[in-house]
Each structure stands twice: as structure tokens, then as C-alpha cells.
file work_5.pdb (PDB, C-alpha atoms)
ATOM      1  CA  MET A 151       0.000   0.000   0.000
ATOM      2  CA  LYS A 152       1.053   3.554  -0.563
ATOM      3  CA  LYS A 153       2.098   5.612   2.415
ATOM      4  CA  ILE A 154      -0.779   8.094   2.022
ATOM      5  CA  THR A 155      -3.313   5.257   1.948
ATOM      6  CA  LYS A 156      -1.901   3.806   5.154
ATOM      7  CA  LYS A 157      -2.132   7.170   6.900
ATOM      8  CA  MET A 158      -5.714   7.712   5.743
ATOM      9  CA  LEU A 159      -6.732   4.248   6.946
ATOM     10  CA  LYS A 160      -5.011   4.830  10.263
ATOM     11  CA  TYR A 161      -6.745   8.172  10.830
ATOM     12  CA  ALA A 162     -10.116   6.758   9.756
ATOM     13  CA  LEU A 163      -9.722   3.854  12.171
ATOM     14  CA  THR A 164      -8.724   6.209  14.987
ATOM     15  CA  ILE A 165     -11.689   8.515  14.387
ATOM     16  CA  GLY A 166     -14.042   5.547  14.140
ATOM     17  CA  LEU A 167     -12.817   4.149  17.452
ATOM     18  CA  ILE A 168     -13.092   7.554  19.139
ATOM     19  CA  VAL A 169     -16.708   7.814  17.988
ATOM     20  CA  LEU A 170     -17.424   4.262  19.140
ATOM     21  CA  TYR A 171     -15.882   4.738  22.577
ATOM     22  CA  LEU A 172     -17.583   8.093  23.124
ATOM     23  CA  ASN A 173     -20.943   6.568  22.187
ATOM     24  CA  ILE A 174     -20.374   3.789  24.705
ATOM     25  CA  LEU A 175     -19.390   6.413  27.257
ATOM     26  CA  ALA A 176     -22.621   8.316  26.602
ATOM     27  CA  TYR A 177     -24.532   5.278  27.899
ATOM     28  CA  LEU A 178     -22.241   4.573  30.852
ATOM     29  CA  VAL A 179     -22.122   8.092  32.321
ATOM     30  CA  PRO A 180     -25.879   8.373  33.078
ATOM     31  CA  PHE A 181     -25.965   4.755  34.218
ATOM     32  CA  PHE A 182     -23.405   5.441  36.943
ATOM     33  CA  ASP A 183     -24.830   8.947  37.606
ATOM     34  CA  LEU A 184     -21.578  10.723  36.718
ATOM     35  CA  GLU A 185     -23.097  13.596  34.755
ATOM     36  CA  TYR A 186     -21.426  16.979  35.184
ATOM     37  CA  THR A 187     -18.614  15.664  37.329
ATOM     38  CA  VAL A 188     -14.875  15.680  36.846
ATOM     39  CA  MET A 189     -14.974  11.910  36.303
ATOM     40  CA  GLU A 190     -17.033  12.398  33.155
ATOM     41  CA  PHE A 191     -14.273  14.519  31.632
ATOM     42  CA  VAL A 192     -11.620  12.083  32.799
ATOM     43  CA  PHE A 193     -13.514   9.238  31.112
ATOM     44  CA  ILE A 194     -13.735  11.252  27.881
ATOM     45  CA  PHE A 195      -9.978  11.817  27.954
ATOM     46  CA  VAL A 196      -9.327   8.138  28.718
ATOM     47  CA  ALA A 197     -11.672   7.055  25.896
ATOM     48  CA  VAL A 198      -9.773   9.172  23.360
ATOM     49  CA  ILE A 199      -6.395   7.867  24.554
ATOM     50  CA  LEU A 200      -7.673   4.282  24.515
ATOM     51  CA  ALA A 201      -8.975   4.731  20.961
ATOM     52  CA  VAL A 202      -5.581   5.973  19.769
ATOM     53  CA  ILE A 203      -3.742   3.108  21.470
ATOM     54  CA  THR A 204      -6.216   0.536  20.147
ATOM     55  CA  SER A 205      -5.967   1.837  16.588
ATOM     56  CA  GLU A 206      -2.154   1.755  16.766
ATOM     57  CA  PHE A 207      -2.272  -1.842  17.983
ATOM     58  CA  ILE A 208      -4.780  -2.922  15.328
ATOM     59  CA  PHE A 209      -2.915  -1.156  12.537
ATOM     60  CA  ARG A 210       0.462  -2.603  13.522
ATOM     61  CA  THR A 211      -1.012  -6.097  13.783
ATOM     62  CA  ILE A 212      -2.591  -5.799  10.327
ATOM     63  CA  MET A 213       0.588  -4.425   8.770
ATOM     64  CA  LYS A 214       2.712  -7.115  10.401
ATOM     65  CA  ALA A 215       0.420  -9.852   9.071
ATOM     66  CA  SER A 216       0.603  -8.629   5.471
TER      67      SER A 216
END

call {"tool": "encode", "arguments": {"input": "work_5.pdb", "output": "C-alpha cells"}}
result
Amino acid sequence: MKKITKKMLKYALTIGLIVLYLNILAYLVPFFDLEYTVMEFVFIFVAVILAVITSEFIFRTIMKAS
């Protein structure tokens, strides 16, 4: 694959995972009654970091396999 295609796939995967994790977080925050607390913002930050780490892991695994 070309380098630009790899970067586009990587960014698309990262954005997709961020959206997925934030949607999951939108259900968990009201369930645990954490609305408008500092923990809600901490969870948002953790979800974004986790999405970036997960996408890096997935992308490296895919590239190593091919």
C-alpha cells in the first residue's frame, strides 16, 4: 500500500474508534450517575487515549500480518 493510503486508513480507524468509545461512554455516564462531574471529563480523555492506542495496535497487527 502507498504511504498516504496507510495514513488515511489509520486516521479513519482512529476517528471511528473515538466515535465508538464516546458513544459507549454516553450510555455509561448516566448509568453510573456521573453527569457533570470531573470523572465524566476524565472518562472522555481516557476514551480518546484508549482509541488511539487501540488503533495503533490494530494497525500494527494488520501491517505485520501482510

call {"tool": "atom_distance", "arguments": {"input": "work_5.pdb", "atom1": "atom CA of Lys214 of chain A", "atom2": "atom CA of Val196 of chain A"}}
result
26.7 Å

call {"tool": "atom_distance", "arguments": {"input": "work_5.pdb", "atom1": "atom CA of Val198 of chain A", "atom2": "atom CA of Tyr161 of chain A"}}
result
12.9 Å

call {"tool": "closest_residue", "arguments": {"input": "work_5.pdb", "among": "A:Leu184, A:Ile212, A:Met189, A:Ala197", "to": "Val169 of chain A", "atoms": "all atoms listed in the file"}}
result
A:Ala197

call {"tool": "axis_aligned_box", "arguments": {"input": "work_5.pdb", "around": "segment 160-167 of chain A", "padding_each_side": "4 Å", "output": "AutoDock Vina command-line options"}}
result
--center_x -9.5 --center_y 6.2 --center_z 13.6 --size_x 17.0 --size_y 12.7 --size_z 15.7

call {"tool": "residues_around", "arguments": {"input": "work_5.pdb", "residues": "Ile168 of chain A", "least_positions_apart": "4", "cutoff": "12 Å", "atoms": "only C-alpha atoms", "output": "list in words"}}
result
Tyr161, Ala162, Leu163, Thr164, Leu172, Asn173, Ile174, Leu175, Ile194, Phe195, Val196, Ala197, Val198, Ile199, Leu200, Ala201, Val202, Ile203, Thr204 and Ser205 of chain A

call {"tool": "decode", "arguments": {"input": "work_5.pdb", "residues": "segment 186-200 of chain A", "atoms": "C-alpha atoms", "output": "JSON list (two decimals), in the first residue's frame"}}
result
[["chain", "number", "residue", "atom", "x", "y", "z"],
["A", 186, "TYR", "CA", -21.43, 16.98, 35.18],
["A", 187, "THR", "CA", -18.61, 15.66, 37.33],
["A", 188, "VAL", "CA", -14.88, 15.68, 36.85],
["A", 189, "MET", "CA", -14.97, 11.91, 36.30],
["A", 190, "GLU", "CA", -17.03, 12.40, 33.15],
["A", 191, "PHE", "CA", -14.27, 14.52, 31.63],
["A", 192, "VAL", "CA", -11.62, 12.08, 32.80],
["A", 193, "PHE", "CA", -13.51, 9.24, 31.11],
["A", 194, "ILE", "CA", -13.73, 11.25, 27.88],
["A", 195, "PHE", "CA", -9.98, 11.82, 27.95],
["A", 196, "VAL", "CA", -9.33, 8.14, 28.72],
["A", 197, "ALA", "CA", -11.67, 7.06, 25.90],
["A", 198, "VAL", "CA", -9.77, 9.17, 23.36],
["A", 199, "ILE", "CA", -6.40, 7.87, 24.55],
["A", 200, "LEU", "CA", -7.67, 4.28, 24.51]]
